[in-house]
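**Q** Handing over start.cif, mmCIF, C-alpha atoms.
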data_query
#
loop_
_atom_site.label_atom_id
_atom_site.label_comp_id
_atom_site.auth_asym_id
_atom_site.auth_seq_id
_atom_site.Cartn_x
_atom_site.Cartn_y
_atom_site.Cartn_z
CA MET A 1 -9.32 -42.68 -83.74
CA PRO A 2 -9.72 -38.87 -83.92
CA ASP A 3 -6.78 -36.60 -84.40
CA TYR A 4 -6.32 -33.42 -82.35
CA ARG A 5 -4.25 -30.38 -83.04
CA ILE A 6 -3.38 -28.00 -80.21
CA THR A 7 -2.05 -24.55 -80.97
CA VAL A 8 -0.72 -22.16 -78.35
CA ARG A 9 -0.26 -18.56 -79.38
CA ARG A 10 0.70 -15.36 -77.73
CA ASP A 11 -1.08 -12.56 -79.46
CA THR A 12 -0.52 -9.55 -77.25
CA ALA A 13 2.47 -7.67 -75.81
CA ALA A 14 1.31 -8.22 -72.22
CA GLY A 15 2.74 -11.70 -72.20
CA TRP A 16 6.18 -10.42 -73.05
CA ILE A 17 5.96 -7.87 -70.23
CA ILE A 18 5.09 -10.55 -67.67
CA LEU A 19 7.86 -12.81 -68.97
CA ALA A 20 10.34 -9.95 -68.68
CA LEU A 21 9.23 -9.23 -65.12
CA MET A 22 9.66 -12.86 -64.14
CA ILE A 23 13.18 -12.89 -65.57
CA ILE A 24 14.08 -9.70 -63.67
CA ILE A 25 12.74 -11.10 -60.40
CA GLY A 26 14.70 -14.30 -60.93
CA VAL A 27 17.95 -12.47 -61.66
CA VAL A 28 17.58 -10.14 -58.65
CA GLY A 29 16.72 -13.05 -56.38
CA ALA A 30 19.77 -14.97 -57.54
CA GLY A 31 21.89 -11.87 -56.90
CA PHE A 32 20.69 -11.59 -53.31
CA GLY A 33 21.29 -15.26 -52.73
CA ALA A 34 24.83 -14.96 -54.00
CA SER A 35 25.61 -11.88 -51.89
CA ALA A 36 24.68 -13.72 -48.69
CA GLN A 37 27.65 -16.03 -49.11
CA PRO A 38 31.03 -14.92 -47.76
CA PRO A 39 33.63 -14.10 -50.39
CA PRO A 40 36.12 -16.88 -50.94
CA GLY A 41 39.46 -16.60 -49.16
CA SER A 42 38.28 -14.19 -46.42
CA GLY A 43 38.23 -14.69 -42.65
CA SER A 44 36.55 -13.02 -39.71
CA THR A 45 36.70 -12.93 -35.94
CA THR A 46 34.19 -11.94 -33.28
CA ALA A 47 35.02 -9.53 -30.48
CA THR A 48 32.72 -8.96 -27.53
CA LEU A 49 32.48 -5.70 -25.63
CA LYS A 50 31.05 -5.16 -22.18
CA VAL A 51 29.44 -1.85 -21.29
CA VAL A 52 28.04 -0.56 -18.04
CA PRO A 53 24.29 -0.91 -17.62
CA THR A 54 22.35 2.33 -17.82
CA MET A 55 20.01 2.12 -14.88
CA ARG A 56 17.48 4.46 -13.33
CA TYR A 57 17.71 3.98 -9.59
CA VAL A 58 17.09 5.46 -6.17
CA THR A 59 18.73 4.51 -2.91
CA VAL A 60 17.33 5.16 0.56
CA SER A 61 19.34 4.96 3.75
CA PRO A 62 18.86 3.74 6.36
CA ALA A 63 16.72 0.83 5.21
CA LYS A 64 14.59 1.01 8.35
CA THR A 65 14.22 3.13 11.42
CA THR A 66 12.07 3.57 14.50
CA PHE A 67 9.82 6.49 15.30
CA ALA A 68 10.73 8.36 18.46
CA ASP A 69 10.27 11.75 20.16
CA CYS A 70 6.59 11.00 20.61
CA THR A 71 4.36 13.70 22.04
CA GLY A 72 0.65 14.40 22.41
CA GLY A 73 -2.25 12.29 23.53
CA THR A 74 -4.00 12.80 26.83
CA ALA A 75 -4.58 10.86 29.99
CA PRO A 76 -5.02 8.02 30.39
CA PHE A 77 -3.01 7.29 27.22
CA PRO A 78 -0.43 10.04 26.75
CA SER A 79 2.61 9.43 24.53
CA THR A 80 5.90 8.32 26.01
CA HIS A 81 9.22 9.11 24.34
CA ALA A 82 9.14 5.96 22.22
CA ALA A 83 5.43 5.09 22.09
CA LEU A 84 2.53 6.86 20.43
CA GLY A 85 -0.35 7.97 22.65
CA TYR A 86 -4.08 8.56 22.08
CA PRO A 87 -5.78 10.59 20.82
CA ASN A 88 -3.68 11.90 17.93
CA GLY A 89 -0.26 11.46 19.45
CA SER A 90 2.67 12.30 17.22
CA CYS A 91 6.05 10.59 16.65
CA SER A 92 8.85 11.46 14.31
CA VAL A 93 12.04 10.40 12.61
CA GLY A 94 14.28 13.44 12.85
CA LYS A 95 13.21 16.94 13.80
CA PRO A 96 12.13 19.82 11.55
CA ARG A 97 14.88 22.48 11.33
CA ALA A 98 17.26 20.18 13.17
CA THR A 99 17.85 16.63 11.95
CA TRP A 100 16.96 14.76 8.77
CA PRO A 101 18.06 11.15 9.21
CA VAL A 102 16.76 9.70 5.94
CA THR A 103 18.85 10.19 2.81
CA ILE A 104 17.34 9.69 -0.64
CA LYS A 105 19.90 9.48 -3.42
CA ASN A 106 18.86 9.65 -7.05
CA GLY A 107 20.65 8.04 -9.99
CA PRO A 108 20.17 9.58 -13.47
CA GLN A 109 17.78 12.51 -13.84
CA ALA A 110 14.28 11.50 -12.76
CA ASN A 111 11.17 12.62 -10.95
CA ILE A 112 11.01 11.42 -7.36
CA TYR A 113 7.66 10.24 -6.09
CA VAL A 114 6.88 9.18 -2.53
CA GLN A 115 4.10 7.17 -0.96
CA SER A 116 3.23 5.55 2.33
CA SER A 117 1.48 2.30 3.09
CA ASN A 118 -1.21 1.81 5.68
CA ALA A 119 -0.07 1.00 9.20
CA VAL A 120 -0.23 -2.74 9.82
CA PRO A 121 -0.56 -4.12 13.34
CA SER A 122 1.64 -6.98 14.46
CA ASP A 123 -1.40 -9.22 14.99
CA GLY A 124 -2.61 -8.67 11.43
CA GLY A 125 -5.84 -7.06 12.63
CA THR A 126 -7.47 -3.80 11.58
CA GLN A 127 -5.05 -1.47 9.82
CA TRP A 128 -4.81 2.26 10.23
CA VAL A 129 -5.68 3.92 6.94
CA LEU A 130 -3.52 6.74 5.66
CA CYS A 131 -5.64 9.90 5.43
CA ASN A 132 -5.03 13.43 4.31
CA VAL A 133 -6.10 16.66 5.89
CA GLY A 134 -5.85 18.53 2.64
CA GLY A 135 -7.88 15.99 0.71
CA ARG A 136 -4.98 14.96 -1.55
CA SER A 137 -6.00 11.32 -1.47
CA ALA A 138 -9.25 9.42 -1.57
CA VAL A 139 -9.38 9.22 2.21
CA ALA A 140 -9.96 12.45 4.11
CA CYS A 141 -9.21 12.62 7.81
CA ASN A 142 -12.49 12.54 9.68
CA GLY A 143 -11.35 13.35 13.20
CA ARG A 144 -11.85 16.55 15.16
CA SER A 145 -10.48 19.66 13.40
CA GLY A 146 -9.47 17.60 10.38
CA ARG A 147 -7.20 15.38 12.40
CA PRO A 148 -7.01 11.61 11.88
CA GLY A 149 -10.11 9.87 13.15
CA LYS A 150 -10.57 6.34 14.37
CA ASP A 151 -8.09 3.93 12.68
CA GLN A 152 -6.66 6.75 10.60
CA PHE A 153 -3.21 8.32 10.58
CA VAL A 154 -1.19 10.94 8.74
CA VAL A 155 2.41 10.83 7.54
CA GLU A 156 4.28 13.97 6.60
CA ASN A 157 7.83 14.54 5.47
CA PHE A 158 10.17 17.50 5.72
CA SER A 159 13.65 18.19 4.50
CA GLN A 160 16.75 20.21 5.00
CA VAL A 161 15.75 22.62 2.24
CA ARG A 162 12.02 22.78 2.83
CA GLN A 163 10.94 22.86 6.44
CA LYS A 164 7.21 22.86 5.70
CA LEU A 165 5.58 19.50 6.31
CA SER A 166 4.15 17.74 3.26
CA GLU A 167 1.48 15.09 3.56
CA LEU A 168 2.13 11.71 2.01
CA THR A 169 -0.55 9.73 0.23
CA ASN A 170 -0.93 6.08 -0.59
CA ALA A 171 -0.89 6.78 -4.33
CA ASN A 172 2.26 5.89 -6.26
CA ASN A 173 2.21 8.86 -8.58
CA VAL A 174 2.55 11.76 -6.14
CA CYS A 175 5.63 13.96 -6.22
CA ASP A 176 7.89 14.20 -3.23
CA ALA A 177 7.47 17.90 -2.56
CA GLU A 178 10.87 17.98 -0.85
CA PHE A 179 12.47 17.72 -4.27
CA ASN A 180 11.72 20.89 -6.29
CA SER A 181 8.15 21.54 -5.21
CA SER A 182 7.59 24.52 -7.53
CA ARG A 183 7.33 22.48 -10.71
CA GLY A 184 7.06 18.73 -10.33
CA CYS A 185 9.73 16.91 -8.41
CA PRO A 186 12.75 16.63 -10.70
CA ALA A 187 15.96 15.32 -9.23
CA LEU A 188 19.21 15.95 -11.02
CA THR A 189 21.70 13.20 -11.73
CA GLY A 190 23.22 12.09 -8.44
CA GLN A 191 21.16 14.53 -6.37
CA SER A 192 20.49 13.50 -2.79
CA GLN A 193 18.02 14.84 -0.29
CA ARG A 194 17.93 14.49 3.49
CA GLU A 195 14.48 14.14 4.96
CA GLY A 196 12.60 13.49 8.18
CA ILE A 197 9.15 12.07 8.86
CA VAL A 198 6.32 12.92 11.22
CA LEU A 199 3.43 10.56 12.02
CA ILE A 200 0.17 11.65 13.63
CA GLY A 201 -1.77 8.75 15.05
CA PRO A 202 -5.49 8.02 15.20
CA SER A 203 -7.99 9.36 17.67
CA LYS A 204 -8.72 5.79 18.63
CA SER A 205 -7.65 2.33 17.48
CA ASP A 206 -9.76 -0.78 17.05
CA ASP A 207 -6.69 -2.97 17.17
CA THR A 208 -4.91 -3.24 20.50
CA SER A 209 -1.48 -4.14 19.10
CA THR A 210 1.42 -2.13 20.46
CA LEU A 211 3.69 -2.80 17.47
CA TRP A 212 2.85 -1.44 14.05
CA ARG A 213 4.76 -1.27 10.78
CA ILE A 214 4.68 1.33 8.04
CA LYS A 215 6.50 1.37 4.73
CA ILE A 216 7.46 4.59 2.97
CA THR A 217 8.68 4.22 -0.59
CA TRP A 218 10.51 6.65 -2.84
CA ILE A 219 10.25 6.00 -6.59
CA ALA A 220 12.39 7.31 -9.46
CA VAL A 221 10.16 7.88 -12.50
CA PRO A 222 11.19 8.79 -16.08
CA PRO A 223 11.19 12.58 -16.50
CA MET B 1 67.13 -10.18 41.78
CA GLN B 2 64.75 -7.33 41.42
CA ARG B 3 65.18 -5.15 38.43
CA PRO B 4 65.47 -1.49 39.12
CA VAL B 5 62.52 0.53 37.94
CA ILE B 6 63.27 3.90 36.59
CA ARG B 7 60.34 6.22 36.85
CA ILE B 8 60.21 9.07 34.44
CA ARG B 9 58.19 12.03 35.49
CA LEU B 10 57.17 14.23 32.66
CA PHE B 11 56.83 17.90 32.91
CA PRO B 12 53.02 18.58 33.12
CA PRO B 13 52.58 19.91 29.56
CA PHE B 14 54.41 16.86 28.20
CA GLN B 15 52.21 14.58 30.35
CA ASN B 16 49.10 15.91 28.54
CA ILE B 17 50.71 15.46 25.15
CA ALA B 18 51.62 11.88 26.02
CA SER B 19 48.06 11.14 27.14
CA VAL B 20 46.55 12.53 23.94
CA ALA B 21 49.07 10.61 21.83
CA SER B 22 48.32 7.33 23.62
CA LEU B 23 44.58 7.83 23.23
CA SER B 24 45.02 8.52 19.53
CA VAL B 25 47.02 5.34 19.09
CA VAL B 26 44.36 3.32 20.96
CA ALA B 27 41.56 4.86 18.89
CA PHE B 28 43.44 4.18 15.67
CA VAL B 29 43.97 0.54 16.64
CA VAL B 30 40.32 0.07 17.67
CA PHE B 31 38.92 1.57 14.47
CA SER B 32 41.41 -0.37 12.37
CA VAL B 33 40.58 -3.71 13.93
CA PHE B 34 36.81 -3.04 14.19
CA PRO B 35 35.91 -0.88 11.21
CA GLN B 36 32.76 1.19 11.65
CA ARG B 37 29.75 -0.35 9.83
CA SER B 38 28.37 1.94 7.19
CA GLU B 39 24.62 2.65 7.26
CA ALA B 40 22.54 0.04 5.49
CA SER B 41 20.62 1.24 2.48
CA ILE B 42 17.89 -0.05 0.26
CA GLY B 43 17.95 0.63 -3.45
CA VAL B 44 16.45 -0.51 -6.70
CA GLY B 45 17.46 0.06 -10.28
CA VAL B 46 15.73 -0.60 -13.57
CA GLN B 47 16.99 -0.15 -17.12
CA GLU B 48 16.71 3.43 -18.35
CA ASN B 49 15.71 2.46 -21.90
CA PRO B 50 11.99 1.91 -22.39
CA VAL B 51 10.59 -1.56 -22.94
CA SER B 52 9.17 -1.38 -26.47
CA LEU B 53 7.62 -3.81 -28.88
CA ALA B 54 9.36 -3.53 -32.24
CA THR B 55 6.32 -4.59 -34.26
CA VAL B 56 2.73 -3.44 -34.26
CA ALA B 57 0.71 -5.77 -32.06
CA GLN B 58 -2.38 -7.46 -33.44
CA PRO B 59 -5.45 -8.05 -31.28
CA GLY B 60 -5.73 -11.62 -30.09
CA GLN B 61 -1.99 -12.27 -30.36
CA SER B 62 0.81 -12.75 -27.82
CA TYR B 63 4.28 -11.24 -28.04
CA THR B 64 7.51 -11.72 -26.14
CA LEU B 65 8.65 -8.30 -24.96
CA PRO B 66 12.33 -7.56 -24.34
CA SER B 67 13.12 -8.66 -20.81
CA VAL B 68 13.66 -5.85 -18.33
CA HIS B 69 16.92 -5.51 -16.41
CA VAL B 70 16.55 -4.86 -12.67
CA ALA B 71 19.15 -4.58 -9.93
CA ASN B 72 19.51 -4.26 -6.21
CA THR B 73 21.52 -1.05 -5.71
CA GLY B 74 21.33 -1.20 -1.90
CA THR B 75 23.66 -2.76 0.62
CA GLU B 76 21.33 -5.50 1.84
CA GLY B 77 19.37 -8.36 0.33
CA GLU B 78 15.86 -7.39 -0.67
CA THR B 79 12.72 -8.64 -2.32
CA ILE B 80 12.04 -7.17 -5.75
CA ARG B 81 8.50 -6.87 -7.09
CA VAL B 82 7.70 -5.90 -10.67
CA ARG B 83 4.33 -4.58 -11.82
CA VAL B 84 2.75 -2.42 -14.51
CA GLU B 85 1.53 0.99 -13.44
CA ARG B 86 1.14 4.32 -15.20
CA LEU B 87 3.43 6.81 -13.47
CA SER B 88 5.18 8.98 -16.04
CA PRO B 89 3.18 11.87 -17.47
CA SER B 90 2.58 11.16 -21.16
CA HIS B 91 -0.17 10.64 -23.71
CA GLY B 92 -1.42 7.28 -24.86
CA ARG B 93 -3.75 4.55 -23.76
CA PHE B 94 -3.22 2.96 -20.37
CA VAL B 95 -1.86 -0.57 -20.45
CA PRO B 96 -4.11 -2.87 -18.43
CA PRO B 97 -1.76 -4.74 -16.05
CA SER B 98 -3.45 -8.03 -16.97
CA TRP B 99 -2.03 -7.74 -20.50
CA ILE B 100 1.54 -8.05 -19.25
CA HIS B 101 2.62 -11.41 -17.91
CA ILE B 102 5.63 -10.97 -15.63
CA SER B 103 7.83 -13.93 -14.76
CA ASN B 104 10.05 -14.29 -11.69
CA SER B 105 8.28 -11.68 -9.60
CA PRO B 106 8.69 -11.34 -6.68
CA MET B 107 12.29 -12.40 -6.52
CA ARG B 108 15.06 -12.12 -3.96
CA LEU B 109 18.22 -10.26 -4.90
CA SER B 110 21.34 -9.88 -2.80
CA ALA B 111 23.25 -6.59 -2.66
CA SER B 112 24.49 -5.39 -6.07
CA GLN B 113 22.88 -8.34 -7.83
CA GLY B 114 21.00 -7.87 -11.10
CA ALA B 115 18.47 -9.96 -12.99
CA GLN B 116 16.52 -10.09 -16.22
CA ILE B 117 12.74 -10.25 -15.85
CA PRO B 118 10.95 -11.84 -18.86
CA LEU B 119 7.80 -10.08 -20.03
CA GLU B 120 5.02 -11.22 -22.32
CA LEU B 121 2.34 -9.07 -23.91
CA VAL B 122 -1.05 -10.70 -24.40
CA VAL B 123 -3.37 -8.49 -26.44
CA PRO B 124 -7.05 -9.41 -26.10
CA ALA B 125 -9.06 -9.88 -29.29
CA ASP B 126 -11.24 -6.89 -28.45
CA ALA B 127 -8.33 -4.52 -27.74
CA LYS B 128 -8.73 -0.98 -29.02
CA SER B 129 -6.18 0.16 -31.55
CA GLY B 130 -3.69 2.91 -30.81
CA ARG B 131 -0.52 3.70 -28.92
CA TYR B 132 -0.30 2.28 -25.42
CA LEU B 133 1.98 3.67 -22.75
CA SER B 134 2.61 2.79 -19.15
CA ASP B 135 5.49 2.03 -16.82
CA ILE B 136 7.22 -1.05 -15.53
CA LEU B 137 7.57 -0.32 -11.82
CA VAL B 138 10.15 -2.19 -9.77
CA VAL B 139 9.96 -1.87 -5.99
CA GLY B 140 12.43 -3.29 -3.52
CA SER B 141 11.85 -3.76 0.16
CA ALA B 142 13.67 -5.38 3.02
CA LEU B 143 12.11 -7.70 5.55
CA ILE B 144 9.68 -5.62 7.60
CA PRO B 145 9.86 -6.14 11.36
CA ALA B 146 6.94 -4.87 13.35
CA GLY B 147 7.36 -1.73 15.38
CA SER B 148 9.31 0.21 12.81
CA ALA B 149 9.12 2.35 9.74
CA ASN B 150 10.61 0.60 6.79
CA PHE B 151 11.71 2.34 3.69
CA GLY B 152 11.28 1.12 0.19
CA ALA B 153 12.89 2.16 -3.07
CA GLY B 154 11.36 1.98 -6.50
CA ALA B 155 12.32 2.79 -10.05
CA ALA B 156 10.27 2.85 -13.23
CA THR B 157 10.91 2.61 -16.93
CA LYS B 158 8.49 3.20 -19.77
CA LEU B 159 6.53 0.46 -21.47
CA GLU B 160 5.25 1.29 -24.94
CA PHE B 161 3.68 -0.50 -27.89
CA THR B 162 1.07 0.04 -30.58
CA VAL B 163 -1.97 -2.09 -31.29
CA ALA B 164 -3.23 -2.27 -34.88
CA PRO B 165 -6.91 -1.97 -35.71
CA GLY B 166 -8.62 -5.33 -35.31
CA THR B 167 -9.22 -7.55 -38.36
CA GLY B 168 -12.85 -7.55 -37.43
CA HIS B 169 -15.19 -8.58 -34.77
CA GLY B 170 -18.01 -11.08 -34.68
CA LEU B 171 -18.15 -13.26 -37.82
CA TRP B 172 -14.56 -12.71 -39.00
CA SER B 173 -12.89 -13.26 -35.66
CA SER B 174 -14.96 -16.38 -35.03
CA LEU B 175 -13.93 -18.12 -38.27
CA PRO B 176 -11.75 -21.24 -37.77
CA PRO B 177 -8.19 -21.12 -39.15
CA TRP B 178 -8.85 -23.57 -42.04
CA THR B 179 -11.30 -21.11 -43.61
CA TRP B 180 -8.49 -18.57 -43.91
CA TRP B 181 -6.36 -21.20 -45.71
CA ALA B 182 -9.22 -22.06 -48.06
CA MET B 183 -9.86 -18.42 -48.86
CA GLY B 184 -6.16 -17.87 -49.49
CA ILE B 185 -5.96 -20.79 -51.96
CA LEU B 186 -9.06 -19.58 -53.82
CA LEU B 187 -7.59 -16.11 -54.04
CA LEU B 188 -4.33 -17.52 -55.46
CA LEU B 189 -6.24 -19.53 -58.09
CA ALA B 190 -8.18 -16.45 -59.11
CA LEU B 191 -4.97 -14.43 -59.38
CA ALA B 192 -3.38 -17.17 -61.51
CA ARG B 193 -6.37 -17.16 -63.86
CA VAL B 194 -6.24 -13.40 -64.22
CA ALA B 195 -2.50 -13.57 -64.87
CA VAL B 196 -2.94 -16.14 -67.64
CA LEU B 197 -5.74 -14.13 -69.21
CA ARG B 198 -3.65 -10.98 -69.13
CA SER B 199 -0.61 -12.81 -70.54
CA GLY B 200 -2.27 -13.14 -73.93
CA LEU B 201 -1.81 -16.90 -74.22
CA ARG B 202 -4.38 -18.52 -76.48
CA ILE B 203 -4.88 -22.27 -76.58
CA ARG B 204 -6.61 -23.67 -79.61
CA VAL B 205 -7.76 -27.29 -79.70
CA GLU B 206 -8.84 -28.66 -83.09
CA ARG B 207 -10.29 -32.07 -83.84
CA VAL B 208 -9.69 -33.38 -87.28
CA SER B 209 -12.70 -35.48 -88.41
CA ALA B 210 -11.74 -38.91 -89.75
CA ASN B 211 -14.99 -39.41 -91.73
CA ARG B 212 -14.93 -36.13 -93.59
CA PRO B 213 -11.39 -35.12 -94.29
CA GLY B 214 -10.92 -31.43 -94.74
CA ILE B 215 -13.58 -30.47 -92.23
CA ILE B 216 -12.19 -29.51 -88.96
CA ARG B 217 -14.28 -29.21 -85.83
CA SER B 218 -12.49 -26.72 -83.80
CA ARG B 219 -12.90 -25.24 -80.41
CA ARG B 220 -11.00 -22.22 -79.27
CA LEU B 221 -10.24 -22.10 -75.64
CA ARG B 222 -9.36 -18.92 -74.01
CA ALA B 223 -7.41 -20.02 -71.06
#
Would you encode the structure as structure tokens?
**A**
Amino acid sequence: MPDYRITVRRDTAAGWIILALMIIIGVVGAGFGASAQPPPGSGSTTATLKVVPTMRYVTVSPAKTTFADCTGGTAPFPSTHAALGYPNGSCSVGKPRATWPVTIKNGPQANIYVQSSNAVPSDGGTQWVLCNVGGRSAVACNGRSGRPGKDQFVVENFSQVRQKLSELTNANNVCDAEFNSSRGCPALTGQSQREGIVLIGPSKSDDTSTLWRIKITWIAVPP
Amino acid sequence: MQRPVIRIRLFPPFQNIASVASLSVVAFVVFSVFPQRSEASIGVGVQENPVSLATVAQPGQSYTLPSVHVANTGTEGETIRVRVERLSPSHGRFVPPSWIHISNSPMRLSASQGAQIPLELVVPADAKSGRYLSDILVVGSALIPAGSANFGAGAATKLEFTVAPGTGHGLWSSLPPWTWWAMGILLLLALARVAVLRSGLRIRVERVSANRPGIIRSRRLRA
């Protein structure tokens, strides 16, 4: 039976360095493990604290309203006080230079954007598309003299501080010009604005519904 | 027996004062018993702090984002809808809305009620690296009756995260998970071999021949 002799030698300093590193890692690791344990003889208690939520918000009142003071249109379909006539009758909520029934109240400092939806008939048929005379949105008004054409309409707002009418678009990221129109639309903390709305109807409507709904939304956006 | 009735005639100025006083009392009673309803409002709030991912997102992975706090700040019940849309002016890549999975939207909130909306980020495997920025937009609206203009309120907070450069496309991304394990084990073995070589350990195996004592057949192994 053959005999074997096995010899293991370390003949360079590198081995000692690696051994030393392993020892250091082991010691440090043990130290961290020990520090995670609570010291003996100590006690602790937990206290909870409630704080107010920091919210960005906007509030609009009233929540809904009805257009009135309708004018325009011609025979045989002129506007009545409460109903829009054709072509291009006009109704409003409030009156420029007189009344501004809608109040928009801002929370913390923000930019205030505004947008309008299309007009939706009560029978769910063909909608009126929001258009812009000034070409601010993708849909330009194609009626006579830049007015709303067939199945188109325009919504404008005005305020106590700025009597000039501003067209609304259906895009979400358009400033409400009634808040500081010179540079963006910043609203200070707690600032409120009173506004009114004017609607100019289409030259003609495909849908024969007599009840329509429109949604106008104000949005508080990070400054 | 009929009771005597004593009529008191007031001097005219006192008669007016008495009338005004009685009317005031009646008005006070009426307004006390039937308090005037304050104007309904619609309002929405969202947390002011941005929704951020603490870690750098990797393409092809999913992450649970911090849930976003929303609240109804109006006086009536409303339907809250949450979506991703770029509104605030800032630099960075647009966040495709399909990357953000929003739970519990739309949801109904009563006045002054708040809720947490869970969010999940799903980064496609072919996502471009860089900083992404968009907004979480929360819009509240009341039930919309036909024949009216309804108002909506919205509030936005920033959504931000960073996507790391992809680990590779084509061959690398198509490898099954077990190949990564196998490559990892091979790499560890190679590292262990290098470590032993660098440690300076030398293993020497010698066989002592039984037939010819004194002659040693040796083989030096360098581990």
**Q** Using the chain letters and numbers from the file, which residues does the PyMOL selection byres ((chain B and resi 62) around 10) grab, as a PyMOL selection string?
**A** chain B and resi 57-61+63-65+99-100+120-124
**Q** I'd like the interatomic distance between atom CA of A:Ala63 and atom CA of A:Ala138, to a tenth of an Å.
**A** 28.2 Å
**Q** To verify the selection step, state as a list in words which residues the PyMOL selection byres ((chain B and resi 82) around 6) yields on this input.
**A**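 Residues picked by the PyMOL selection byres ((chain B and resi 82) around 6): Arg81, Arg83, Ser105, Leu137 and Val138 of chain B.
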**Q** With distances taken over all atoms listed in the file, which residue among A:Lys105, A:Arg147, A:Lys215, A:Arg183 lies nearest chain B?
**A** A:Lys215
**Q** Would you work out the distance separating atom CA of A:Asn180 from atom CA of A:Asn111, expressed in Å to one decimal?
**A**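 So the answer is 9.5 Å.
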**Q** For this structure, which residues satisfy the selection - the PyMOL selection byres ((chain A and resi 74) around 9) - when it is evaluated on the file as given? I want them as a ChimeraX atom specification.
**A** /A:72-73,75-79,85-89
**Q** Counting only C-alpha atoms, figure out which residue out of A:Pro202, A:Pro101, A:Pro96, A:Pro222 gets nearest to A:Arg144.
**A**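 Nearest candidate to A:Arg144 out of A:Pro202, A:Pro101, A:Pro96, A:Pro222: A:Pro202.
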